[in-house]
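Below: one structure, written as structure tokens.
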Amino acid sequence: MESHAARFCRYSRLLFPDKPFKAAMAETFLIILAYFFIFLPSQAIGSQKQTQEQKPSLAGARAYANAYGTYDSKALSKFMKFDVVIIEPYNVADIKFLKKLKEKGIVIIAYISVGEAGANRRYFKNWRSYTNTPDNPKIPRSKVKVTDPVFIGEDPGWPGSYYADASKLKWHDIILNEEMPYILWLGNDLYDGFFLDVLDSADVYKTMKNGGKMIEGLIELVKKIRIKYPRKLLIANRGFTILKKIAPYIDGFKYEEYTSAYGNLKNEAHYKKYYLKFDKKGKRLNIAEVEILKEALEINPQISIFVLDHVKTKPLDIKTARFCYKEAIKLANALNCTILWYANSINQDLPVWPEFKK
């Protein structure tokens with residue numbers, strides 16, 4: 001039987017494969033120590049339900065949907081066709097919507113951007129409370145402005161969204177102690193996990209003077225989220241620059257625009273057009289990303305893979321969607337894993353596609 005010491009050493013190498021052995025053991029010890037200090041006291045005074053709660057599983061999932069539109073009765077009937085749904089918590093009309101999904105046994109993942117901030121989020125000064133998003137005075141609220149030093153510029157592809165400096169503890173505090181608690185409270189703790197968006201802000205950090213510290217800060221933020229929410233599923237979106245570093249801490253990875261994408265930058269060739277990720281000779285343009293994903297799966301084979309392609313939906317572009325689905329199956333075979341595939345338009349609508357054959 002493996003000793004505790006041997007197991008500790010093995011976990012250290014799994015969590016920090018790129019660090020010297022002593023440094024890896026030191027960081028692993030700090031994570032374990034943080035767990036005891038942060039979580040054991042709260043568990044001791046928490047409810048019996050909380051102490052017995054287990055992290056939901058993605059193992060049996062076969063279909064998922066990703067949509068951030070209006071969640072009405074029509075959307076609810078569509079969501080019922082899937083095993084996992086990724087939704088925008090600020091758009092949910094009421095708790096009944098989430099309860100009906102839970103009654104069906106659907107895994108519900110709440111969207112949150114950890115790499116940039118949308119001006120409509122609660123932590124902004126000009127945020128407005130609505131019937132479905134009431135405020136909770138018991139949860140801290142920073143009331144920041146777009147001119148706050150925690151932001152380093154507007155995302156040119158998404159006006160109204162601002163890149164955050166992940167090296168600043170203020171941003172960590174906003175995510176960990178304001179936005180995440182608010183989302184869970186808003187959903188009456190019915191969310192099974194978080195969808196961590198805009199992790200590819202690390203690509204933007206690379207171009208900046210303080211980029212290295214920002215990248216390390218983003219990695220550290222994901223670690224902190226895992227420590228604070230050990231029983232919540234964490235699904236990362238892209239972020240290939242840091243994927244291998246955060247692989248030990250996530251449960252899922254969403255490969256957005258694996259085969260079909262949409263151009264949202266004015267200076268790119270495909271601006272305001274849907275296009276395939278292949279060059280004129282038919283060679284895939286994102287092979288390097290696939291290699292990184294393969295290496296991340298070697299670090300943590302338990303990561304569930306989700307693919308989201310963007311295609312036209314009015315009318316449904318069945319031909320392109322079928323091609324994207326088959327490409328996702330090829331990727332699953334290459335990586336020797338199961339992949340859940342979905343496609344919608346850049347408007348994040350909720351189409352239901354016919355069943356494509358492998």
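Identifiers in this document derive from the order of the structure tokens: chains are assigned A, B, ..., residues are numbered from 1 separately in each chain, and ligands are numbered from 1 in order of occurrence.
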Can you tell me which residues surround region 222-237 of chain A at a distance of at most 7 Å, considering only C-alpha atoms, apart from same-chain residues fewer than 5 positions away, and format the answer as a ChimeraX atom specification? /A:35,54-56,176,192-199,246,249-256
If you run DSSP on the backbone here, which positions in region 311-344 of chain A get alpha helix (DSSP H)? Please write them as a PyMOL selection string. chain A and resi 318-335
Residues near region 165-173 of chain A, cut-off 6 Å, only C-alpha atoms, skip fewer than 6 positions along chain, as a ChimeraX atom specification: /A:150-151,213-214,217-218
Could you turn the residues from that selection into a file that holds C-alpha atoms, as a tab-separated table (two decimals), in the first residue's frame?
chain	number	residue	atom	x	y	z
A	150	VAL	CA	-7.51	47.17	-11.80
A	151	PHE	CA	-8.52	47.46	-15.48
A	213	LYS	CA	3.04	38.85	-13.27
A	214	MET	CA	-0.45	39.15	-14.75
A	217	GLY	CA	-1.85	36.18	-11.15
A	218	LEU	CA	-4.45	34.59	-13.42
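Taking only C-alpha atoms, the non-local environment of region 125-135 of chain A within 7 Å (same-chain residues fewer than 5 positions away omitted) comprises A:Tyr90, A:Val92, A:Ala93, A:Asp94, A:Asn120, A:Lys143, A:Val144, A:Lys145, A:Leu186.
Every protein or nucleic acid residue with an atom no more than 10 Å from Lys99 (chain A), counting only C-alpha atoms and leaving out same-chain residues fewer than 6 positions away, appears here: Gly105, Ile106, Gly187, Asn188 and Leu190 of chain A.
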Put those residues in a file: N, CA and C atoms, as a PDB file, in the first residue's frame.
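Wrote it out as result34.pdb, contents follow:
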ATOM      1  N   GLY A 105     -32.356  16.602 -13.469  1.00  0.00           N
ATOM      2  CA  GLY A 105     -31.020  16.040 -13.269  1.00  0.00           C
ATOM      3  C   GLY A 105     -29.955  16.684 -14.128  1.00  0.00           C
ATOM      4  N   ILE A 106     -30.227  17.888 -14.616  1.00  0.00           N
ATOM      5  CA  ILE A 106     -29.292  18.586 -15.490  1.00  0.00           C
ATOM      6  C   ILE A 106     -28.229  19.312 -14.666  1.00  0.00           C
ATOM      7  N   GLY A 187     -28.623  32.258  -7.332  1.00  0.00           N
ATOM      8  CA  GLY A 187     -29.162  30.983  -7.794  1.00  0.00           C
ATOM      9  C   GLY A 187     -29.576  30.050  -6.681  1.00  0.00           C
ATOM     10  N   ASN A 188     -29.665  30.578  -5.462  1.00  0.00           N
ATOM     11  CA  ASN A 188     -30.082  29.755  -4.320  1.00  0.00           C
ATOM     12  C   ASN A 188     -29.209  28.504  -4.188  1.00  0.00           C
ATOM     13  N   LEU A 190     -28.046  26.606  -6.417  1.00  0.00           N
ATOM     14  CA  LEU A 190     -28.430  25.514  -7.315  1.00  0.00           C
ATOM     15  C   LEU A 190     -27.420  25.307  -8.445  1.00  0.00           C
TER      16      LEU A 190
END
Please provide as a compact mmCIF listing (two decimals) with N, CA and C atoms, in the first residue's frame all residues within 7 Å of Ala65 (chain A), with the sequence filter that same-chain residues fewer than 6 positions apart are discarded (counting only C-alpha atoms).
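So the final result, stored in out_5.txt, reads:
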# COMPACT_ATOMS: atom_id res chain seq x y z
N PHE A 82 -30.72 18.51 -22.82
CA PHE A 82 -29.28 18.39 -22.62
C PHE A 82 -28.95 17.88 -21.21
N VAL A 84 -25.89 18.92 -19.66
CA VAL A 84 -25.16 20.02 -19.03
C VAL A 84 -25.53 21.31 -19.74
N VAL A 85 -25.78 22.38 -18.98
CA VAL A 85 -26.09 23.67 -19.59
C VAL A 85 -25.18 24.74 -18.96
N ILE A 86 -24.64 25.60 -19.81
CA ILE A 86 -23.83 26.73 -19.35
C ILE A 86 -24.64 27.99 -19.60
N TYR A 342 -21.28 21.28 -29.31
CA TYR A 342 -22.45 22.14 -29.51
C TYR A 342 -22.04 23.28 -30.44
Within 10 Å of region 272-281 of chain A, counting only C-alpha atoms, which residues qualify if same-chain residues fewer than 5 places away don't, as JSON, numbers by chain? {"A": [257, 258, 259, 260, 261, 262, 263, 264, 265, 266, 286, 287, 309, 310, 311, 312, 320, 324, 345, 346]}
Write a file of the just-selected residues containing C-alpha atoms, as a tab-separated table (two decimals), in the first residue's frame.
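Result file follows (part-v5.tsv):
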chain	number	residue	atom	x	y	z
A	257	GLU	CA	-14.32	27.94	-32.01
A	258	TYR	CA	-12.40	24.73	-32.58
A	259	THR	CA	-13.54	24.37	-36.21
A	260	SER	CA	-15.87	27.27	-37.03
A	261	ALA	CA	-15.38	30.83	-35.78
A	262	TYR	CA	-16.63	34.37	-36.17
A	263	GLY	CA	-14.50	37.43	-36.84
A	264	ASN	CA	-15.22	40.20	-34.32
A	265	LEU	CA	-12.09	42.33	-34.81
A	266	LYS	CA	-12.10	45.08	-37.42
A	286	ASN	CA	-4.90	25.59	-34.60
A	287	ILE	CA	-2.78	22.44	-34.41
A	309	ASP	CA	-18.37	26.11	-32.68
A	310	HIS	CA	-20.01	29.28	-33.98
A	311	VAL	CA	-22.12	28.90	-37.12
A	312	LYS	CA	-25.09	30.60	-38.72
A	320	THR	CA	-21.35	23.45	-41.52
A	324	CYS	CA	-17.92	20.74	-37.16
A	345	SER	CA	-24.35	31.76	-33.52
A	346	ILE	CA	-22.20	34.58	-32.21
Rounded to one decimal, what separation in Å do you get between CA of Ile139 (chain A) and CA of Tyr71 (chain A)? 25.4 Å
Could you tell me, as number ranges by chain, which residues of region 53-248 of chain A DSSP assigns to strand (DSSP E) when given the backbone? A: 64-66, 84-87, 107-113, 116-118, 151-154, 161-164, 193-197, 233-237
Which value, in Å to one decimal, gives the distance between CA of Glu116 (chain A) and CA of Trp158 (chain A)? 10.4 Å
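Between CA of Ser161 (chain A) and CA of Lys78 (chain A) there is a distance of 28.9 Å.
Compared by their closest atoms to Ala321 (chain A), and using only C-alpha atoms, the residues A:Phe97, A:Tyr163, A:Tyr205, A:Trp341 rank with A:Trp341 nearest.
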